[in-house]
file my_file.tsv (TSV, N, CA and C atoms)
chain	number	residue	atom	x	y	z
A	5	MET	N	-6.73	-5.00	22.32
A	5	MET	CA	-5.56	-5.11	21.50
A	5	MET	C	-5.81	-6.18	20.43
A	6	ARG	N	-5.32	-5.91	19.24
A	6	ARG	CA	-5.38	-6.89	18.16
A	6	ARG	C	-3.96	-7.10	17.65
A	7	HIS	N	-3.66	-8.30	17.23
A	7	HIS	CA	-2.35	-8.55	16.64
A	7	HIS	C	-2.46	-9.65	15.59
A	8	ARG	N	-1.54	-9.64	14.68
A	8	ARG	CA	-1.45	-10.66	13.63
A	8	ARG	C	0.03	-10.94	13.37
A	9	HIS	N	0.32	-12.17	13.06
A	9	HIS	CA	1.64	-12.54	12.57
A	9	HIS	C	1.56	-12.49	11.05
A	10	LEU	N	2.35	-11.62	10.43
A	10	LEU	CA	2.27	-11.44	8.98
A	10	LEU	C	2.94	-12.60	8.27
A	11	GLN	N	2.23	-13.14	7.29
A	11	GLN	CA	2.75	-14.20	6.43
A	11	GLN	C	2.50	-13.75	5.00
A	12	PHE	N	3.51	-13.17	4.40
A	12	PHE	CA	3.37	-12.60	3.07
A	12	PHE	C	3.22	-13.72	2.04
A	13	GLY	N	2.01	-13.87	1.50
A	13	GLY	CA	1.73	-14.88	0.49
A	13	GLY	C	1.78	-14.27	-0.89
A	14	GLN	N	0.61	-13.99	-1.46
A	14	GLN	CA	0.50	-13.37	-2.77
A	14	GLN	C	-0.56	-12.28	-2.71
A	15	GLY	N	-0.38	-11.25	-3.53
A	15	GLY	CA	-1.38	-10.21	-3.68
A	15	GLY	C	-1.50	-9.28	-2.49
A	16	PHE	N	-2.70	-8.70	-2.35
A	16	PHE	CA	-3.00	-7.68	-1.34
A	16	PHE	C	-3.96	-8.28	-0.32
A	17	ARG	N	-3.67	-8.05	0.97
A	17	ARG	CA	-4.55	-8.57	2.01
A	17	ARG	C	-4.60	-7.61	3.19
A	18	VAL	N	-5.81	-7.20	3.56
A	18	VAL	CA	-6.02	-6.39	4.77
A	18	VAL	C	-5.80	-7.31	5.96
A	19	VAL	N	-5.00	-6.86	6.95
A	19	VAL	CA	-4.71	-7.72	8.10
A	19	VAL	C	-5.34	-7.23	9.40
A	20	ILE	N	-5.43	-5.92	9.61
A	20	ILE	CA	-6.07	-5.38	10.82
A	20	ILE	C	-6.71	-4.03	10.47
A	21	THR	N	-7.92	-3.81	10.98
A	21	THR	CA	-8.63	-2.55	10.75
A	21	THR	C	-9.35	-2.14	12.03
A	22	ASN	N	-9.35	-0.83	12.30
A	22	ASN	CA	-10.27	-0.28	13.28
A	22	ASN	C	-10.90	0.98	12.65
A	23	ARG	N	-11.62	1.77	13.41
A	23	ARG	CA	-12.29	2.95	12.84
A	23	ARG	C	-11.30	3.98	12.29
A	24	ARG	N	-10.12	4.07	12.87
A	24	ARG	CA	-9.19	5.15	12.54
A	24	ARG	C	-8.04	4.77	11.62
A	25	SER	N	-7.71	3.48	11.54
A	25	SER	CA	-6.54	3.09	10.75
A	25	SER	C	-6.65	1.65	10.28
A	26	GLN	N	-5.68	1.27	9.45
A	26	GLN	CA	-5.73	-0.05	8.84
A	26	GLN	C	-4.33	-0.48	8.43
A	27	ALA	N	-4.07	-1.78	8.51
A	27	ALA	CA	-2.81	-2.35	8.02
A	27	ALA	C	-3.12	-3.41	6.98
A	28	ALA	N	-2.30	-3.43	5.93
A	28	ALA	CA	-2.44	-4.43	4.88
A	28	ALA	C	-1.06	-4.84	4.40
A	29	GLN	N	-0.97	-6.04	3.88
A	29	GLN	CA	0.29	-6.50	3.30
A	29	GLN	C	0.08	-6.71	1.81
A	30	MET	N	1.14	-6.48	1.04
A	30	MET	CA	1.06	-6.62	-0.41
A	30	MET	C	2.31	-7.32	-0.91
A	31	VAL	N	2.11	-8.25	-1.84
A	31	VAL	CA	3.23	-8.94	-2.49
A	31	VAL	C	3.03	-8.82	-3.99
A	32	LEU	N	4.03	-8.26	-4.67
A	32	LEU	CA	4.02	-8.15	-6.13
A	32	LEU	C	5.11	-9.05	-6.70
A	33	ALA	N	4.75	-9.88	-7.66
A	33	ALA	CA	5.72	-10.74	-8.34
A	33	ALA	C	6.62	-9.88	-9.23
A	34	PRO	N	7.78	-10.38	-9.62
A	34	PRO	CA	8.66	-9.63	-10.53
A	34	PRO	C	7.90	-9.18	-11.78
A	35	GLY	N	8.04	-7.88	-12.10
A	35	GLY	CA	7.37	-7.30	-13.25
A	35	GLY	C	5.93	-6.86	-13.01
A	36	GLU	N	5.35	-7.24	-11.89
A	36	GLU	CA	3.96	-6.90	-11.58
A	36	GLU	C	3.87	-5.50	-10.99
A	37	SER	N	2.71	-4.85	-11.17
A	37	SER	CA	2.50	-3.53	-10.59
A	37	SER	C	1.10	-3.45	-10.00
A	38	GLU	N	0.92	-2.45	-9.15
A	38	GLU	CA	-0.36	-2.18	-8.51
A	38	GLU	C	-0.65	-0.70	-8.69
A	39	GLY	N	-1.88	-0.38	-9.12
A	39	GLY	CA	-2.25	1.01	-9.35
A	39	GLY	C	-1.83	1.47	-10.74
A	40	ASP	N	-2.06	2.75	-10.98
A	40	ASP	CA	-1.68	3.38	-12.25
A	40	ASP	C	-1.65	4.89	-12.02
A	41	ARG	N	-1.46	5.64	-13.09
A	41	ARG	CA	-1.35	7.10	-12.95
A	41	ARG	C	-2.61	7.75	-12.36
A	42	ASP	N	-3.74	7.05	-12.40
A	42	ASP	CA	-4.99	7.60	-11.86
A	42	ASP	C	-5.36	7.02	-10.49
A	43	ASN	N	-4.54	6.10	-9.97
A	43	ASN	CA	-4.82	5.48	-8.68
A	43	ASN	C	-4.58	6.48	-7.56
A	44	ARG	N	-5.55	6.63	-6.68
A	44	ARG	CA	-5.39	7.51	-5.52
A	44	ARG	C	-6.37	7.12	-4.43
A	45	HIS	N	-6.00	7.45	-3.20
A	45	HIS	CA	-6.90	7.25	-2.06
A	45	HIS	C	-7.40	8.65	-1.70
A	46	ARG	N	-8.63	8.92	-2.02
A	46	ARG	CA	-9.18	10.27	-1.86
A	46	ARG	C	-9.36	10.67	-0.40
A	47	ASP	N	-9.52	9.68	0.48
A	47	ASP	CA	-9.80	10.00	1.89
A	47	ASP	C	-8.76	9.49	2.87
A	48	ALA	N	-7.64	8.94	2.39
A	48	ALA	CA	-6.69	8.32	3.33
A	48	ALA	C	-5.24	8.59	2.93
A	49	ASP	N	-4.40	8.74	3.95
A	49	ASP	CA	-2.95	8.72	3.75
A	49	ASP	C	-2.51	7.26	3.77
A	50	GLN	N	-1.47	6.94	3.02
A	50	GLN	CA	-0.91	5.59	2.99
A	50	GLN	C	0.58	5.66	3.30
A	51	TRP	N	1.00	4.88	4.28
A	51	TRP	CA	2.43	4.69	4.57
A	51	TRP	C	2.79	3.33	4.00
A	52	LEU	N	3.79	3.28	3.12
A	52	LEU	CA	4.23	2.03	2.50
A	52	LEU	C	5.65	1.75	2.97
A	53	TYR	N	5.84	0.59	3.61
A	53	TYR	CA	7.15	0.17	4.09
A	53	TYR	C	7.57	-1.07	3.33
A	54	VAL	N	8.76	-1.03	2.71
A	54	VAL	CA	9.25	-2.16	1.94
A	54	VAL	C	9.94	-3.14	2.88
A	55	VAL	N	9.38	-4.33	2.99
A	55	VAL	CA	9.92	-5.39	3.84
A	55	VAL	C	11.02	-6.15	3.09
A	56	GLN	N	10.77	-6.41	1.80
A	56	GLN	CA	11.73	-7.19	1.00
A	56	GLN	C	11.52	-6.87	-0.47
A	57	GLY	N	12.61	-6.87	-1.23
A	57	GLY	CA	12.54	-6.71	-2.67
A	57	GLY	C	12.94	-5.33	-3.14
A	58	LYS	N	12.80	-5.14	-4.46
A	58	LYS	CA	13.14	-3.88	-5.11
A	58	LYS	C	12.01	-3.46	-6.03
A	59	GLY	N	11.87	-2.15	-6.18
A	59	GLY	CA	10.83	-1.65	-7.06
A	59	GLY	C	10.93	-0.16	-7.26
A	60	THR	N	9.89	0.38	-7.88
A	60	THR	CA	9.77	1.82	-8.05
A	60	THR	C	8.35	2.23	-7.69
A	61	ALA	N	8.24	3.45	-7.21
A	61	ALA	CA	6.94	4.06	-6.96
A	61	ALA	C	6.86	5.27	-7.87
A	62	LEU	N	5.80	5.34	-8.65
A	62	LEU	CA	5.52	6.53	-9.44
A	62	LEU	C	4.50	7.32	-8.63
A	63	LEU	N	4.94	8.44	-8.08
A	63	LEU	CA	4.11	9.23	-7.16
A	63	LEU	C	3.96	10.63	-7.74
A	64	ASN	N	2.75	10.95	-8.21
A	64	ASN	CA	2.48	12.24	-8.85
A	64	ASN	C	3.50	12.51	-9.97
A	65	ASP	N	3.69	11.49	-10.83
A	65	ASP	CA	4.58	11.56	-12.00
A	65	ASP	C	6.06	11.68	-11.63
A	66	ARG	N	6.42	11.40	-10.40
A	66	ARG	CA	7.82	11.42	-9.98
A	66	ARG	C	8.21	10.01	-9.52
A	67	ARG	N	9.34	9.50	-10.01
A	67	ARG	CA	9.78	8.15	-9.73
A	67	ARG	C	10.64	8.10	-8.46
A	68	HIS	N	10.36	7.10	-7.60
A	68	HIS	CA	11.11	6.89	-6.36
A	68	HIS	C	11.57	5.43	-6.32
A	69	VAL	N	12.83	5.22	-5.96
A	69	VAL	CA	13.37	3.86	-5.84
A	69	VAL	C	12.88	3.24	-4.53
A	70	LEU	N	12.47	1.98	-4.60
A	70	LEU	CA	12.04	1.23	-3.42
A	70	LEU	C	12.99	0.07	-3.21
A	71	ARG	N	13.37	-0.15	-1.97
A	71	ARG	CA	14.19	-1.31	-1.59
A	71	ARG	C	13.88	-1.61	-0.12
A	72	ALA	N	14.33	-2.74	0.35
A	72	ALA	CA	14.06	-3.13	1.73
A	72	ALA	C	14.47	-2.00	2.68
A	73	GLY	N	13.57	-1.63	3.58
A	73	GLY	CA	13.82	-0.55	4.53
A	73	GLY	C	13.28	0.79	4.11
A	74	THR	N	12.80	0.94	2.86
A	74	THR	CA	12.24	2.22	2.40
A	74	THR	C	10.87	2.45	3.03
A	75	LEU	N	10.65	3.67	3.50
A	75	LEU	CA	9.35	4.09	4.00
A	75	LEU	C	8.88	5.25	3.14
A	76	LEU	N	7.69	5.13	2.58
A	76	LEU	CA	7.16	6.12	1.65
A	76	LEU	C	5.80	6.59	2.15
A	77	LEU	N	5.60	7.90	2.22
A	77	LEU	CA	4.29	8.46	2.57
A	77	LEU	C	3.59	8.86	1.28
A	78	ILE	N	2.44	8.26	1.04
A	78	ILE	CA	1.58	8.60	-0.09
A	78	ILE	C	0.39	9.33	0.52
A	79	GLU	N	0.37	10.64	0.33
A	79	GLU	CA	-0.67	11.44	0.99
A	79	GLU	C	-2.01	11.34	0.27
A	80	GLN	N	-3.05	11.61	1.03
A	80	GLN	CA	-4.41	11.60	0.52
A	80	GLN	C	-4.46	12.33	-0.83
A	81	GLY	N	-4.98	11.66	-1.85
A	81	GLY	CA	-5.14	12.27	-3.17
A	81	GLY	C	-3.95	12.13	-4.10
A	82	ASP	N	-2.77	11.70	-3.58
A	82	ASP	CA	-1.60	11.51	-4.44
A	82	ASP	C	-1.86	10.39	-5.44
A	83	ARG	N	-1.50	10.61	-6.69
A	83	ARG	CA	-1.58	9.57	-7.72
A	83	ARG	C	-0.36	8.66	-7.56
A	84	HIS	N	-0.58	7.34	-7.60
A	84	HIS	CA	0.55	6.45	-7.37
A	84	HIS	C	0.41	5.07	-8.02
A	85	GLU	N	1.57	4.54	-8.38
A	85	GLU	CA	1.70	3.19	-8.90
A	85	GLU	C	2.94	2.57	-8.27
A	86	ILE	N	2.85	1.32	-7.86
A	86	ILE	CA	3.97	0.59	-7.28
A	86	ILE	C	4.31	-0.55	-8.24
A	87	ARG	N	5.60	-0.67	-8.60
A	87	ARG	CA	6.04	-1.69	-9.56
A	87	ARG	C	7.24	-2.46	-9.00
A	88	ASN	N	7.19	-3.78	-9.15
A	88	ASN	CA	8.32	-4.62	-8.78
A	88	ASN	C	9.30	-4.64	-9.94
A	89	THR	N	10.50	-4.12	-9.74
A	89	THR	CA	11.53	-4.10	-10.77
A	89	THR	C	12.63	-5.12	-10.50
A	90	GLY	N	12.47	-5.90	-9.44
A	90	GLY	CA	13.50	-6.87	-9.06
A	90	GLY	C	13.21	-8.25	-9.59
A	91	ARG	N	14.01	-9.20	-9.12
A	91	ARG	CA	13.89	-10.61	-9.54
A	91	ARG	C	13.20	-11.48	-8.50
A	92	THR	N	12.87	-10.89	-7.37
A	92	THR	CA	12.19	-11.60	-6.30
A	92	THR	C	10.92	-10.83	-5.94
A	93	PRO	N	10.01	-11.45	-5.19
A	93	PRO	CA	8.79	-10.74	-4.82
A	93	PRO	C	9.08	-9.44	-4.06
A	94	LEU	N	8.28	-8.41	-4.32
A	94	LEU	CA	8.32	-7.15	-3.59
A	94	LEU	C	7.25	-7.25	-2.51
A	95	LYS	N	7.68	-7.19	-1.23
A	95	LYS	CA	6.77	-7.35	-0.10
A	95	LYS	C	6.69	-6.03	0.66
A	96	THR	N	5.47	-5.52	0.84
A	96	THR	CA	5.29	-4.26	1.54
A	96	THR	C	4.24	-4.38	2.64
A	97	LEU	N	4.43	-3.57	3.68
A	97	LEU	CA	3.44	-3.38	4.73
A	97	LEU	C	2.87	-1.99	4.48
A	98	ASN	N	1.54	-1.88	4.40
A	98	ASN	CA	0.87	-0.63	4.08
A	98	ASN	C	-0.05	-0.24	5.22
A	99	LEU	N	0.08	1.00	5.68
A	99	LEU	CA	-0.76	1.52	6.76
A	99	LEU	C	-1.59	2.66	6.20
A	100	TYR	N	-2.89	2.64	6.48
A	100	TYR	CA	-3.82	3.64	5.96
A	100	TYR	C	-4.51	4.35	7.11
A	101	SER	N	-4.65	5.66	6.98
A	101	SER	CA	-5.35	6.43	7.99
A	101	SER	C	-6.17	7.52	7.30
A	102	PRO	N	-7.49	7.43	7.40
A	102	PRO	CA	-8.32	6.36	7.92
A	102	PRO	C	-8.31	5.16	6.96
A	103	PRO	N	-9.01	4.06	7.29
A	103	PRO	CA	-9.00	2.88	6.43
A	103	PRO	C	-9.41	3.22	4.99
A	104	ALA	N	-8.72	2.59	4.03
A	104	ALA	CA	-8.98	2.82	2.61
A	104	ALA	C	-9.67	1.63	1.95
A	105	TYR	N	-9.70	0.48	2.65
A	105	TYR	CA	-10.23	-0.75	2.07
A	105	TYR	C	-11.23	-1.42	3.00
A	106	THR	N	-12.13	-2.20	2.43
A	106	THR	CA	-13.03	-3.04	3.21
A	106	THR	C	-12.21	-4.22	3.74
A	107	PRO	N	-12.71	-4.95	4.72
A	107	PRO	CA	-11.97	-6.12	5.22
A	107	PRO	C	-11.66	-7.14	4.10
A	108	ALA	N	-12.45	-7.16	3.05
A	108	ALA	CA	-12.23	-8.09	1.92
A	108	ALA	C	-11.16	-7.55	0.95
A	109	GLY	N	-10.70	-6.31	1.16
A	109	GLY	CA	-9.66	-5.75	0.31
A	109	GLY	C	-10.16	-4.92	-0.85
A	110	ASN	N	-11.44	-4.60	-0.86
A	110	ASN	CA	-12.00	-3.75	-1.92
A	110	ASN	C	-11.89	-2.28	-1.50
A	111	PRO	N	-11.61	-1.38	-2.43
A	111	PRO	CA	-11.49	0.04	-2.07
A	111	PRO	C	-12.81	0.55	-1.49
A	112	ARG	N	-12.70	1.35	-0.43
A	112	ARG	CA	-13.89	2.00	0.13
A	112	ARG	C	-14.27	3.17	-0.78
A	113	ARG	N	-15.54	3.42	-0.90
A	113	ARG	CA	-15.99	4.58	-1.66
A	113	ARG	C	-15.66	5.85	-0.90
A	114	ALA	N	-15.35	6.91	-1.61
A	114	ALA	CA	-15.01	8.19	-0.99
A	114	ALA	C	-16.10	8.58	0.00
A	115	GLY	N	-15.68	9.00	1.19
A	115	GLY	CA	-16.61	9.45	2.20
A	115	GLY	C	-17.27	8.35	3.00
A	116	LYS	N	-17.02	7.07	2.66
A	116	LYS	CA	-17.62	5.93	3.38
A	116	LYS	C	-16.63	5.32	4.33
A	117	ARG	N	-17.01	5.16	5.58
A	117	ARG	CA	-16.14	4.53	6.59
A	117	ARG	C	-16.65	3.17	6.91

call {"tool": "encode", "arguments": {"input": "my_file.tsv", "output": "structure tokens"}}
result
Amino acid sequence: MRHRHLQFGQGFRVVITNRRSQAAQMVLAPGESEGDRDNRHRDADQWLYVVQGKGTALLNDRRHVLRAGTLLLIEQGDRHEIRNTGRTPLKTLNLYSPPAYTPAGNPRRAGKR
């Protein structure tokens, strides 16, 4: 068993990984965004849970409102961008299956585990 106590600081941080899945936390400052219209995880599904804050997700050119308690499934290959539209930090817990990032937080190359 592995466990971590999440302490949302700044930016993106991988917190736990095994062969099949991964958890990461992300904090976006007001006005900040992550990804763009070409951002996608070619080999992984991403579950994004909003812990705190407000924002929008642009998912395959469709806009979705994000607020505390929102759970969003970003499927393998979906184009997506996450933007903080609020006045406070947007804090999210992100789950990937299979892992999408190296332990250092760099994107894994397609087909590489």

call {"tool": "closest_residue", "arguments": {"input": "my_file.tsv", "among": "A:Asn64, A:Gln14, A:Asn98, A:Gln56", "to": "Asp42 of chain A", "atoms": "only C-alpha atoms"}}
result
A:Asn64

call {"tool": "closest_residue", "arguments": {"input": "my_file.tsv", "among": "A:Gln11, A:Ser101, A:Gln26, A:Thr92", "to": "Asp49 of chain A", "atoms": "all atoms listed in the file"}}
result
A:Ser101

call {"tool": "residues_around", "arguments": {"input": "my_file.tsv", "residues": "Asn43 of chain A", "least_positions_apart": "2", "cutoff": "9 Å", "atoms": "only C-alpha atoms", "output": "list of chain:residue names"}}
result
A:Glu38, A:Gly39, A:Asp40, A:Arg41, A:His45, A:Gly81, A:Asp82, A:Arg83, A:His84, A:Glu85

call {"tool": "axis_aligned_box", "arguments": {"input": "my_file.tsv", "around": "segment 42-59 of chain A", "padding_each_side": "4 Å", "output": "lines of an AutoDock Vina configuration file"}}
result
center_x = 1.7
center_y = 1.7
center_z = -3.9
size_x = 30.9
size_y = 25.9
size_z = 25.0

call {"tool": "closest_residue", "arguments": {"input": "my_file.tsv", "among": "A:Val31, A:Ala48, A:Val18, A:Ala72", "to": "Thr96 of chain A", "atoms": "all atoms listed in the file"}}
result
A:Val31

call {"tool": "atom_distance", "arguments": {"input": "my_file.tsv", "atom1": "atom CA of Gly109 of chain A", "atom2": "atom CA of Arg87 of chain A"}}
result
19.0 Å

call {"tool": "closest_residue", "arguments": {"input": "my_file.tsv", "among": "A:Arg44, A:Pro34, A:Phe16, A:Ala28", "to": "Leu97 of chain A", "atoms": "all atoms listed in the file"}}
result
A:Ala28

call {"tool": "residues_around", "arguments": {"input": "my_file.tsv", "residues": "Pro93 of chain A", "least_positions_apart": "4", "cutoff": "5 Å", "atoms": "all atoms listed in the file", "output": "list in words"}}
result
Leu32, Ala33, Pro34 and Gly57 of chain A

call {"tool": "select_by_dssp", "arguments": {"input": "my_file.tsv", "residues": "segment 12-83 of chain A", "states": "strand (DSSP E or B)", "output": "VMD selection string"}}
result
chain A and resid 15 to 21 26 to 32 37 to 39 49 to 56 58 to 63 66 to 71 75 to 78

call {"tool": "build_atoms", "arguments": {"input": "my_file.tsv", "residues": "segment 23-34 of chain A", "atoms": "all heavy atoms", "output": "mmCIF file, in the coordinates of the input"}}
result
data_model
loop_
_atom_site.group_PDB
_atom_site.id
_atom_site.type_symbol
_atom_site.label_atom_id
_atom_site.label_comp_id
_atom_site.auth_asym_id
_atom_site.auth_seq_id
_atom_site.Cartn_x
_atom_site.Cartn_y
_atom_site.Cartn_z
ATOM 1 N N ARG A 23 -11.620 1.770 13.410
ATOM 2 C CA ARG A 23 -12.290 2.950 12.840
ATOM 3 C C ARG A 23 -11.300 3.980 12.290
ATOM 4 O O ARG A 23 -11.620 4.702 11.362
ATOM 5 C CB ARG A 23 -13.159 3.649 13.893
ATOM 6 C CG ARG A 23 -14.448 2.986 14.199
ATOM 7 C CD ARG A 23 -15.338 3.807 15.148
ATOM 8 N NE ARG A 23 -14.636 4.532 16.209
ATOM 9 C CZ ARG A 23 -14.443 5.857 16.213
ATOM 10 N NH1 ARG A 23 -14.863 6.605 15.236
ATOM 11 N NH2 ARG A 23 -13.817 6.425 17.230
ATOM 12 N N ARG A 24 -10.120 4.070 12.870
ATOM 13 C CA ARG A 24 -9.190 5.150 12.540
ATOM 14 C C ARG A 24 -8.040 4.770 11.620
ATOM 15 O O ARG A 24 -7.425 5.638 11.001
ATOM 16 C CB ARG A 24 -8.610 5.730 13.836
ATOM 17 C CG ARG A 24 -9.671 6.377 14.720
ATOM 18 C CD ARG A 24 -9.115 6.781 16.072
ATOM 19 N NE ARG A 24 -8.438 5.710 16.790
ATOM 20 C CZ ARG A 24 -9.046 4.751 17.491
ATOM 21 N NH1 ARG A 24 -10.354 4.715 17.561
ATOM 22 N NH2 ARG A 24 -8.347 3.834 18.113
ATOM 23 N N SER A 25 -7.710 3.480 11.540
ATOM 24 C CA SER A 25 -6.540 3.090 10.750
ATOM 25 C C SER A 25 -6.650 1.650 10.280
ATOM 26 O O SER A 25 -7.554 0.912 10.676
ATOM 27 C CB SER A 25 -5.272 3.279 11.579
ATOM 28 O OG SER A 25 -5.334 2.493 12.753
ATOM 29 N N GLN A 26 -5.680 1.270 9.450
ATOM 30 C CA GLN A 26 -5.730 -0.050 8.840
ATOM 31 C C GLN A 26 -4.330 -0.480 8.430
ATOM 32 O O GLN A 26 -3.505 0.345 8.027
ATOM 33 C CB GLN A 26 -6.621 0.047 7.604
ATOM 34 C CG GLN A 26 -6.821 -1.206 6.809
ATOM 35 C CD GLN A 26 -7.836 -0.956 5.729
ATOM 36 O OE1 GLN A 26 -7.582 -0.188 4.813
ATOM 37 N NE2 GLN A 26 -8.998 -1.556 5.854
ATOM 38 N N ALA A 27 -4.070 -1.780 8.510
ATOM 39 C CA ALA A 27 -2.810 -2.350 8.020
ATOM 40 C C ALA A 27 -3.120 -3.410 6.980
ATOM 41 O O ALA A 27 -4.076 -4.181 7.125
ATOM 42 C CB ALA A 27 -2.021 -2.967 9.177
ATOM 43 N N ALA A 28 -2.300 -3.430 5.930
ATOM 44 C CA ALA A 28 -2.440 -4.430 4.880
ATOM 45 C C ALA A 28 -1.060 -4.840 4.400
ATOM 46 O O ALA A 28 -0.101 -4.078 4.513
ATOM 47 C CB ALA A 28 -3.254 -3.868 3.711
ATOM 48 N N GLN A 29 -0.970 -6.040 3.880
ATOM 49 C CA GLN A 29 0.290 -6.500 3.300
ATOM 50 C C GLN A 29 0.080 -6.710 1.810
ATOM 51 O O GLN A 29 -1.009 -7.051 1.363
ATOM 52 C CB GLN A 29 0.771 -7.768 3.992
ATOM 53 C CG GLN A 29 -0.201 -8.919 3.918
ATOM 54 C CD GLN A 29 0.221 -10.074 4.793
ATOM 55 O OE1 GLN A 29 0.682 -9.888 5.902
ATOM 56 N NE2 GLN A 29 0.033 -11.278 4.296
ATOM 57 N N MET A 30 1.140 -6.480 1.040
ATOM 58 C CA MET A 30 1.060 -6.620 -0.410
ATOM 59 C C MET A 30 2.310 -7.320 -0.910
ATOM 60 O O MET A 30 3.421 -7.024 -0.456
ATOM 61 C CB MET A 30 0.928 -5.243 -1.072
ATOM 62 C CG MET A 30 0.823 -5.295 -2.584
ATOM 63 S SD MET A 30 0.442 -3.692 -3.322
ATOM 64 C CE MET A 30 1.955 -2.792 -3.011
ATOM 65 N N VAL A 31 2.110 -8.250 -1.840
ATOM 66 C CA VAL A 31 3.230 -8.940 -2.490
ATOM 67 C C VAL A 31 3.030 -8.820 -3.990
ATOM 68 O O VAL A 31 1.980 -9.208 -4.520
ATOM 69 C CB VAL A 31 3.304 -10.427 -2.072
ATOM 70 C CG1 VAL A 31 4.434 -11.125 -2.813
ATOM 71 C CG2 VAL A 31 3.474 -10.563 -0.566
ATOM 72 N N LEU A 32 4.030 -8.260 -4.670
ATOM 73 C CA LEU A 32 4.020 -8.150 -6.130
ATOM 74 C C LEU A 32 5.110 -9.050 -6.700
ATOM 75 O O LEU A 32 6.262 -8.981 -6.263
ATOM 76 C CB LEU A 32 4.266 -6.705 -6.562
ATOM 77 C CG LEU A 32 3.237 -5.669 -6.126
ATOM 78 C CD1 LEU A 32 3.682 -4.273 -6.555
ATOM 79 C CD2 LEU A 32 1.872 -6.004 -6.702
ATOM 80 N N ALA A 33 4.750 -9.880 -7.660
ATOM 81 C CA ALA A 33 5.720 -10.740 -8.340
ATOM 82 C C ALA A 33 6.620 -9.880 -9.230
ATOM 83 O O ALA A 33 6.249 -8.754 -9.592
ATOM 84 C CB ALA A 33 4.980 -11.785 -9.173
ATOM 85 N N PRO A 34 7.780 -10.380 -9.620
ATOM 86 C CA PRO A 34 8.660 -9.630 -10.530
ATOM 87 C C PRO A 34 7.900 -9.180 -11.780
ATOM 88 O O PRO A 34 7.155 -9.952 -12.385
ATOM 89 C CB PRO A 34 9.753 -10.648 -10.880
ATOM 90 C CG PRO A 34 9.827 -11.516 -9.660
ATOM 91 C CD PRO A 34 8.395 -11.652 -9.207
#
